[in-house]
Structures are given as structure tokens and as C-alpha cells.
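Peer 1: Let me give you the structure first, and then I'll get to my questions.
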Amino acid sequence: MGFIELRDVTKTYRKGEHVVTPLDRVSLDIEAGEFCVLLGPSGSGKTTLMNLVAAIDRADSGELRVGGTELTKLSASALADWRARTVGYIFQQSNLVPVLTAYENVELPLWLQPLSRAERHARVSLALAAVGLSDRAEHLPKQLSGGQEQRVAIARAIVADPPLLVADEPTGNLDHDSAEGVLSLLERLNRERGKTILMVTHDPRAAERGTRHFRLDKGVLAEGAEARR
Amino acid sequence: MKLLRLVVKNLRRRPMRTLLTVGGVACAMLMLVLVQSLGAGLDAALSGSEAARTLIVYRLNRYCPQTSFLPEWYGPRIEQLAGVTSVLPVKVYLNNCRASLDIVPFNGVPAERLAGSRKFDVLDGDYGRFLAERDAALVGRSFAERKNLAVGDQFRFGGINVKVAGIFGSSEPVEEGTVVTHLEYLQRAVAVNRLGTVTQFEVKIDDPARAKEISAQIDDLFRTAPEPTDTRPRILFLEHATRDLREILRFAELLGLACVAVVLALVANTVAMSVQERVREFGVFRTLGFHARHVAALVIGEALVLALSGGALGLGAALAVIRFSSLTIGAEGVPVSFSTQPELIVRGFAIALATGLIAGLAPAIRSSRSEIVASLRSA
């Protein structure tokens, strides 16, 4: 049984008068600890698939199981708790809260957990150290570079120690050096901490970092060498 | 607590907008509290414990103390009526018969009869000195506070110069706003010598149930005299004297309600704008595992902090205005103080709280119900 299992998952939405089906009976299995890359042209449903796995969107039909939990059967409230425990989401833009310092941004997910102030401090310090930004803890997002912001966002995604990281084009807005730093960080998290990673990207260099590759095109999911063409 | 910290930080994103909203709430609250404190003062003025067994004999068809002149000899005649326990002739002198925010009412009475007719306690000073010195005065507690007077002080108003011999407290709020002097001293002190005449008689009766009957008897005594009388229980006299003020107050209360509506719109608009700017941020919060109720609490928290901080500021300003500006409104010689009871403060905060809750409700529901993916796509 895989860590992530999709069985005939379909997602549709309305765009004006048309019904769009970005995911049409998609099935896949991902084992724990894999670094998977989702490729495909714009509008092919990559982000939709990732959002379903991260439980911020709901499938219209099919089965979707992550870490043994059937997500399609959970209430909105239970899904929120599940997300807090299980998923770290890295956005294309860092999406940090501008009025909070780097430390406070990283601390946010821990507000939802029954931890003491000292425990929260220890975890945030560890997460900031992991992304190499301990010395920027008291800086506001506007005082950080794009690459630093994205690293703070990664620290926020890992601070609660979730088993799954999903990343939606995490290097899309970064220069080459910053992108390299972020990708190396994700690679390390996968290799050293065993995080399962599902990353959407258009960038072939970023895709090279993955251990498994999927391509989505017009609702059809292909895998392996065919996906990387 | 953590959410509150975030609420405060969010409000500091747009300091000018927050400041203007808080300022608007404070101004509205200031007006509302002033109107309500005047209403409370008016209620207090009409709530004296002696009001039911006290009749006021006034000159018929006169409404201002400056125009009511009754011969002093009416007093002994009234005293002879069955059921009357005491009669106190009172000469009222004041600066303004119309609605005024700084009324100074003098009550000239025969000093030796004062203690037998009015219930009061000398809180500070010497009652004997008041009896002994013709230019001495007993000053009501609220008047002394308003004018910052102490025993031994001398003050002059409208050509009348008096020394404060004592400060008194009374169960009649209206009396606490007056200055009591010797009758003859006041009669002689005013520009036109009015020796032998008084403004009104305060008649105490033994049975409040007979108030109407005794009032009619008094008016019958002087029906054909050159100065006919109009006698009413004190409560009706006060109600009649303050009727214009009550009408204005009723209108002001409507304005106060309009202020609450304006505040509601102001806070709701600020919160709605703030929420509009942070749709994506709320999506991020939900993605991190925050529940819809956390987002709703964040939005309502912002509305509450705006309304309550503005409310506190306005309330504080109103209390300061009342405390330091010595306001006492007068109507036909009846002084009505602005009353700042604890209930008023509680009511002010309750209104601010309700305003914040109502103003934040719609944006809170909208934000918490938004789909996460749609929120994240928002610009």
C-alpha cells in the first residue's frame, strides 16, 4: 500500500459555460520517502492534483488516500487538522505574512499544536537553522531577498515535521542561485529526513532533482522516461 | 492570545486607516456618552426621595424664576392648612432661564428654617458659621465639585459675593447643584430690591396621597390675589421645568443612534477593505491547517479591537469632558448635572462590543467560507 494512493480521481470545475476536467480518472501510487516531480503544460491539472493530495481541494469522484487516511470522507474541520499534522505546503510565491517576522511566520503552524513556548522556540530555531536563516529570525519578509523568503517558507512547511511536502513551482520566481539553494534544501529534506515530496515544476533542472517523474496532459498521466520528454 | 497579537499587527498594516476608524468610533462614542450622561442626570434629577411629599408653589403662568414673585406672607397662610408640615420660602437667582451649560443657581432661604424643611448633611465646613454670617453660603456637593470650591473660598457671580461656609450632600440631586444663601442677603443683593418677595415656596406635606388636594387648596387661597399661584408636587414641577430639555434629549438620542449606525458602517467598511486585501493570506492560513473558525475569529477580532479601542477612547474623552469642563445644563432654573454612573460605562462598552461583533460578522463569514484554492488564486 503506497503512502499516496489515487484511484480513478476526477475533478471538474466550471469556467463560464464550460465544464473543465483537469483530472479524469487519474490513478497513481507514491511510496513514502519518494521525491516525485509533476510535469506538464500549463492548465494540465498538475496543481489541481497537488491540491487534492494536500487536501485543500476536494475530488468529485474516486478514492484518495494519503498516509492511510481516506481524504474524501473527512469533514472540512477534520481536513484542517489533517493538513496541520501531515502536509507542509510550499507555494510558488513565499506567501509569508508581511506583518510577522521570519521567526513568527515559521511559528504559525505550531500555534495549532499543544506546545509550550519553549517547545515552539526549539522547533522554530531548528527549522530556521535547517534553511540557514537563524540570523534572519527577526527580519520582516520585506527585509529578506526572494531566495531567503522562499527558505523561510520552507522552514514554515517543515516546522511541524509533516511527513509530506508539496511544492508548487517553488523556484518559479527565483534567480538561478536562489533556485539551486531551494532545490538542494528539498533534496536534503528528502534524503536526510525521509520527507515524501511532490513537486510541480516547469523547470527541467528542478525536475532533475526528483527520483520519480509524472506528466499530466489532457487528463492522462504518464510516468518515467515518457514523462520526462 | 496569539491571535490577538496577530490582530494587533494586522491593524498596524495601515496605520492611517486604523487611526481614522478608531478616531471616528471615538467621536461617535463621545457624543453618545454625553447624551446618555445627560439623560442619566435628568433621570437622577427627577428621582429625589422627597419629591413625592414636597409641593412647589410658583407664580401662576410664570416659568422662569426671574419672573416669579410671590409675597413672603403667603408662607404663614399655607402653613395653616391641614396636612402641611413645613413651608420654606425660596428666592431663586440664576444666570440664565434658558437652556444653559453653565447654570449657577442660588437659593436664598431663611437660614433658621432650612434644617427643618430640607434634608441635607453638611459634609465639610461649619453649619453654625453659615447661620451666623449673612454672606455665608452652603454649597451643594456637585456644584462644589463642578466649580472646584472648598470651605473658606469666596466667589462672586452676577454681582453676588458669598463665602463658602460648608458643603452639603442631599438625597435630592437637584439640590446638590445649588448654592444656599440667606434669603434677605439674596433679596438685597440682586439689582432690583425684592425684599418681601420670594420665587417659590417649598411645602412639605405629611401624606403624599393628598398632594393633589392640598395643591388645590393652596391655589384656592390666592386665586383672587394679585399674585395667583400654581402648586404642583415637586416631581411634576421638575418634569414641567425640564420638558423642553427632555424633548431635545430625545432628539439627541436619535442622533446618538445614528452615530452608532455610522460607527457600524465605518468599522464594517474598514474590516471589509482589510479582508479584501488579504484573501490570499487567509487561504495560506487555511492551507497551514487553520480552521475556518480561526479565520473568522481573526476578522471579528479586528472589528472588536477597532470598536473597543475607539469606544474606550471616546468614553475616556467623554468622562474627561464631564469631569473637567464643569457642565451642568439648566432648564427654568433646574440644574441637571451630567451623570457618569458605572452603568453608563458598561453600556458604552456593550455598545462598542455589539458594534464590533455586528460589523465583523459578514466579512468574517465570507472569509471563513471562501474556498482555499480560490483564495490562493486571488491577487
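Just remember, in the C-alpha cells the first chain shown is A, the second B, etc., residues are 1-based per chain, and ligands are 1-based in the order shown.
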Find the residues around Gly116 of chain B up to 10 Å (only C-alpha atoms counted), leave out those fewer than 4 positions away in its own chain, and share them as a ChimeraX atom specification.
Peer 2: /B:85-88,111-112
Peer 1: Write out as a list of chain:residue names each polymer residue whose atoms come within 9 Å of segment 245-261 of chain B, counting only C-alpha atoms; drop sequence neighbours fewer than 4 positions from it.
Peer 2: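 Contacts, with the query itself left out: B:Val25, B:Cys27, B:Ala28, B:Met29, B:Met31, B:Leu32, B:Val33, B:Val35, B:Gln36, B:Leu38, B:Gly39, B:Leu42, B:Ala99, B:Glu239, B:Ala241, B:Ala265, B:Leu266, B:Ile329, B:Gly330, B:Ala331, B:Ile351, B:Ala352, B:Thr355.
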Peer 1: With only C-alpha atoms counted and 7 Å as the cut-off, give the residues of chain A in contact with chain B, each with its shortest interatomic distance in Å and the pair that gives it, as a Markdown table.
Peer 2:
| residue | atom | partner | partner_atom | distance |
| --- | --- | --- | --- | --- |
| A:Ile56 | CA | B:Ile372 | CA | 6.0 |
| A:Asp57 | CA | B:Val373 | CA | 6.6 |
| A:Ser77 | CA | B:His291 | CA | 6.3 |
| A:Ala80 | CA | B:Gly289 | CA | 4.6 |
| A:Asp81 | CA | B:Gly289 | CA | 5.9 |
| A:Arg83 | CA | B:Gly289 | CA | 5.1 |
| A:Ala84 | CA | B:Gly289 | CA | 4.2 |
| A:Val97 | CA | B:Glu281 | CA | 7.0 |
| A:Val99 | CA | B:Lys9 | CA | 6.1 |
| A:Pro109 | CA | B:Leu288 | CA | 6.0 |
Peer 1: Output N, CA and C atoms of each residue in that selection to a file, as a PDB file, in the first residue's frame.
Peer 2:
ATOM      1  N   ILE A  56      -6.423  20.624   0.117  1.00  0.00           N
ATOM      2  CA  ILE A  56      -7.006  21.966   0.115  1.00  0.00           C
ATOM      3  C   ILE A  56      -8.092  22.070  -0.964  1.00  0.00           C
ATOM      4  N   ASP A  57      -8.326  20.974  -1.662  1.00  0.00           N
ATOM      5  CA  ASP A  57      -9.397  20.908  -2.657  1.00  0.00           C
ATOM      6  C   ASP A  57     -10.003  19.504  -2.572  1.00  0.00           C
ATOM      7  N   SER A  77     -13.421  20.402   8.837  1.00  0.00           N
ATOM      8  CA  SER A  77     -12.683  20.615  10.076  1.00  0.00           C
ATOM      9  C   SER A  77     -11.619  19.530  10.276  1.00  0.00           C
ATOM     10  N   ALA A  80      -8.710  20.119   8.026  1.00  0.00           N
ATOM     11  CA  ALA A  80      -7.804  21.169   8.521  1.00  0.00           C
ATOM     12  C   ALA A  80      -6.821  20.565   9.525  1.00  0.00           C
ATOM     13  N   ASP A  81      -7.341  19.748  10.447  1.00  0.00           N
ATOM     14  CA  ASP A  81      -6.453  19.106  11.428  1.00  0.00           C
ATOM     15  C   ASP A  81      -5.456  18.188  10.729  1.00  0.00           C
ATOM     16  N   ARG A  83      -4.314  18.427   7.657  1.00  0.00           N
ATOM     17  CA  ARG A  83      -3.304  19.243   6.969  1.00  0.00           C
ATOM     18  C   ARG A  83      -2.227  19.715   7.945  1.00  0.00           C
ATOM     19  N   ALA A  84      -2.691  20.167   9.118  1.00  0.00           N
ATOM     20  CA  ALA A  84      -1.735  20.690  10.103  1.00  0.00           C
ATOM     21  C   ALA A  84      -0.734  19.615  10.524  1.00  0.00           C
ATOM     22  N   VAL A  97       3.403  36.022   5.827  1.00  0.00           N
ATOM     23  CA  VAL A  97       2.541  37.093   6.353  1.00  0.00           C
ATOM     24  C   VAL A  97       3.427  38.321   6.561  1.00  0.00           C
ATOM     25  N   VAL A  99       3.338  41.114   8.095  1.00  0.00           N
ATOM     26  CA  VAL A  99       3.494  41.822   9.383  1.00  0.00           C
ATOM     27  C   VAL A  99       4.203  40.962  10.431  1.00  0.00           C
ATOM     28  N   PRO A 109       2.407  27.495  12.039  1.00  0.00           N
ATOM     29  CA  PRO A 109       1.762  26.168  12.101  1.00  0.00           C
ATOM     30  C   PRO A 109       1.784  25.559  13.505  1.00  0.00           C
TER      31      PRO A 109
END
Peer 1: Name the residues of segment 145-355 of chain B that come out as strand (DSSP E or B) in a backbone DSSP run; write them as an MDAnalysis selection string.
Peer 2: chainID B and resid 154:157 160:170 179:182 197:198 200:205 229:233 328:331 334:337
Peer 1: Would you save the residues from that selection as a compact mmCIF listing (two decimals), in the first residue's frame, using N, CA and C atoms?
Peer 2:
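Below you can see part-v5.txt, which holds the result:
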# COMPACT_ATOMS: atom_id res chain seq x y z
N GLN B 154 -14.17 82.16 48.60
CA GLN B 154 -15.12 83.24 48.37
C GLN B 154 -15.35 83.28 46.87
N PHE B 155 -16.58 83.38 46.45
CA PHE B 155 -16.78 83.51 45.00
C PHE B 155 -17.89 84.50 44.70
N ARG B 156 -17.80 85.02 43.49
CA ARG B 156 -18.72 86.08 43.08
C ARG B 156 -19.35 85.67 41.77
N PHE B 157 -20.67 85.81 41.73
CA PHE B 157 -21.33 85.53 40.46
C PHE B 157 -22.53 86.46 40.31
N ILE B 160 -23.24 88.85 43.05
CA ILE B 160 -23.48 88.28 44.38
C ILE B 160 -22.17 87.67 44.88
N ASN B 161 -21.75 88.15 46.05
CA ASN B 161 -20.47 87.74 46.61
C ASN B 161 -20.74 86.90 47.86
N VAL B 162 -20.31 85.65 47.86
CA VAL B 162 -20.57 84.82 49.04
C VAL B 162 -19.31 84.06 49.47
N LYS B 163 -19.33 83.65 50.79
CA LYS B 163 -18.23 82.86 51.33
C LYS B 163 -18.76 81.44 51.54
N VAL B 164 -17.95 80.46 51.20
CA VAL B 164 -18.39 79.07 51.37
C VAL B 164 -18.19 78.68 52.84
N ALA B 165 -19.31 78.52 53.56
CA ALA B 165 -19.23 78.12 54.98
C ALA B 165 -19.29 76.60 55.12
N GLY B 166 -19.88 75.94 54.13
CA GLY B 166 -19.98 74.49 54.22
C GLY B 166 -20.37 73.87 52.89
N ILE B 167 -20.11 72.58 52.76
CA ILE B 167 -20.52 71.83 51.55
C ILE B 167 -21.48 70.75 52.01
N PHE B 168 -22.63 70.67 51.34
CA PHE B 168 -23.63 69.71 51.80
C PHE B 168 -23.95 68.65 50.75
N GLY B 169 -24.38 67.51 51.27
CA GLY B 169 -24.89 66.46 50.41
C GLY B 169 -26.37 66.29 50.68
N SER B 170 -27.11 65.86 49.65
CA SER B 170 -28.56 65.73 49.81
C SER B 170 -29.07 64.53 49.04
N VAL B 179 -26.52 76.67 45.31
CA VAL B 179 -25.81 77.40 46.36
C VAL B 179 -26.90 77.98 47.27
N VAL B 180 -26.86 77.62 48.56
CA VAL B 180 -27.89 78.10 49.50
C VAL B 180 -27.33 79.30 50.27
N THR B 181 -28.07 80.43 50.20
CA THR B 181 -27.64 81.65 50.91
C THR B 181 -28.77 82.10 51.83
N HIS B 182 -28.48 83.15 52.60
CA HIS B 182 -29.55 83.75 53.42
C HIS B 182 -30.53 84.46 52.50
N THR B 197 -40.42 89.49 48.82
CA THR B 197 -40.92 88.55 47.80
C THR B 197 -39.96 87.37 47.65
N VAL B 198 -40.53 86.25 47.29
CA VAL B 198 -39.71 85.06 47.01
C VAL B 198 -40.14 84.48 45.66
N GLN B 200 -40.53 81.04 45.09
CA GLN B 200 -41.40 79.88 45.28
C GLN B 200 -41.43 79.48 46.76
N PHE B 201 -42.39 78.65 47.08
CA PHE B 201 -42.43 78.05 48.43
C PHE B 201 -42.29 76.54 48.26
N GLU B 202 -41.47 75.96 49.13
CA GLU B 202 -41.37 74.50 49.16
C GLU B 202 -42.21 74.03 50.33
N VAL B 203 -43.28 73.30 50.05
CA VAL B 203 -44.23 72.89 51.09
C VAL B 203 -44.11 71.39 51.31
N LYS B 204 -43.81 71.02 52.56
CA LYS B 204 -43.75 69.59 52.90
C LYS B 204 -45.11 69.17 53.44
N ILE B 205 -45.59 68.01 53.00
CA ILE B 205 -46.89 67.53 53.48
C ILE B 205 -46.70 66.17 54.16
N THR B 229 -51.27 81.65 42.42
CA THR B 229 -50.23 80.60 42.47
C THR B 229 -50.58 79.39 41.60
N ASP B 230 -49.55 78.63 41.34
CA ASP B 230 -49.71 77.36 40.62
C ASP B 230 -48.89 76.33 41.42
N THR B 231 -49.61 75.43 42.10
CA THR B 231 -48.93 74.49 43.01
C THR B 231 -48.94 73.08 42.42
N ARG B 232 -47.80 72.45 42.47
CA ARG B 232 -47.69 71.07 41.96
C ARG B 232 -46.75 70.27 42.86
N PRO B 233 -46.93 68.95 42.86
CA PRO B 233 -45.92 68.12 43.52
C PRO B 233 -44.56 68.38 42.85
N THR B 328 -23.12 71.80 33.60
CA THR B 328 -24.41 71.50 34.20
C THR B 328 -25.43 72.26 33.39
N ILE B 329 -26.34 71.53 32.82
CA ILE B 329 -27.33 72.19 31.97
C ILE B 329 -28.49 72.62 32.86
N GLY B 330 -29.08 73.75 32.53
CA GLY B 330 -30.18 74.24 33.35
C GLY B 330 -31.40 74.50 32.49
N ALA B 331 -32.54 74.21 33.06
CA ALA B 331 -33.79 74.49 32.34
C ALA B 331 -34.77 75.07 33.35
N VAL B 334 -33.77 74.74 36.91
CA VAL B 334 -33.48 73.42 37.49
C VAL B 334 -32.13 72.95 36.95
N PRO B 335 -31.15 72.79 37.83
CA PRO B 335 -29.85 72.34 37.34
C PRO B 335 -29.82 70.83 37.13
N VAL B 336 -29.36 70.41 35.96
CA VAL B 336 -29.26 68.97 35.66
C VAL B 336 -27.80 68.67 35.34
N SER B 337 -27.18 67.87 36.20
CA SER B 337 -25.76 67.55 36.00
C SER B 337 -25.61 66.37 35.06
Peer 1: Could you give me, as JSON, numbers by chain, each residue of segment 29-225 of chain A that DSSP assigns to alpha helix (DSSP H) when run on this structure's backbone?
Peer 2: {"A": [46, 47, 48, 49, 50, 51, 52, 53, 76, 77, 78, 79, 80, 81, 82, 83, 84, 85, 86, 102, 103, 104, 105, 106, 107, 117, 118, 119, 120, 121, 122, 123, 124, 125, 126, 127, 128, 129, 130, 146, 147, 148, 149, 150, 151, 152, 153, 154, 155, 156, 157, 158, 176, 177, 178, 179, 180, 181, 182, 183, 184, 185, 186, 187, 188, 189, 190, 191, 192, 193, 204, 205, 206, 207, 208, 225]}
Peer 1: Give me, please, the distance in Å between atom CA of Glu31 of chain A and atom CA of Arg205 of chain A, quoted to one decimal.
Peer 2: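 So the two atoms, atom CA of Glu31 of chain A and atom CA of Arg205 of chain A, lie 23.1 Å apart.
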Peer 1: Counting only C-alpha atoms, which of A:Arg58, A:Lys73, A:Arg117, A:Arg156 gets nearest to Tyr89 of chain A?
Peer 2: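 Closest to Tyr89 of chain A of all the choices is A:Arg156.
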Peer 1: Give me, please, the distance in Å between atom CA of Arg77 of chain B and atom CA of Leu114 of chain B, quoted to one decimal.
Peer 2: 18.6 Å
Peer 1: In Å, how far is it from atom CA of Ala303 of chain B to atom CA of Thr101 of chain A?
Peer 2: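 Rounded to one decimal, the two atoms are 23.5 Å apart.
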Peer 1: Using only C-alpha atoms, which residues sit within 7 Å of Ala137 of chain A once same-chain residues fewer than 4 positions away are excluded, as a PyMOL selection string?
Peer 2: chain A and resi 101-103+133
Peer 1: When you count only C-alpha atoms, which of these residues is closest to Gly210 of chain A: A:Val19, A:Val37, A:Leu28, A:Ala157?
Peer 2: A:Val37
Peer 1: Between A:Val159, A:Ala32, A:Ala76, A:Ala167, which residue has the minimum interatomic distance to Arg191 of chain A, considering only C-alpha atoms?
Peer 2: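 Closest to Arg191 of chain A of all the choices is A:Ala32.
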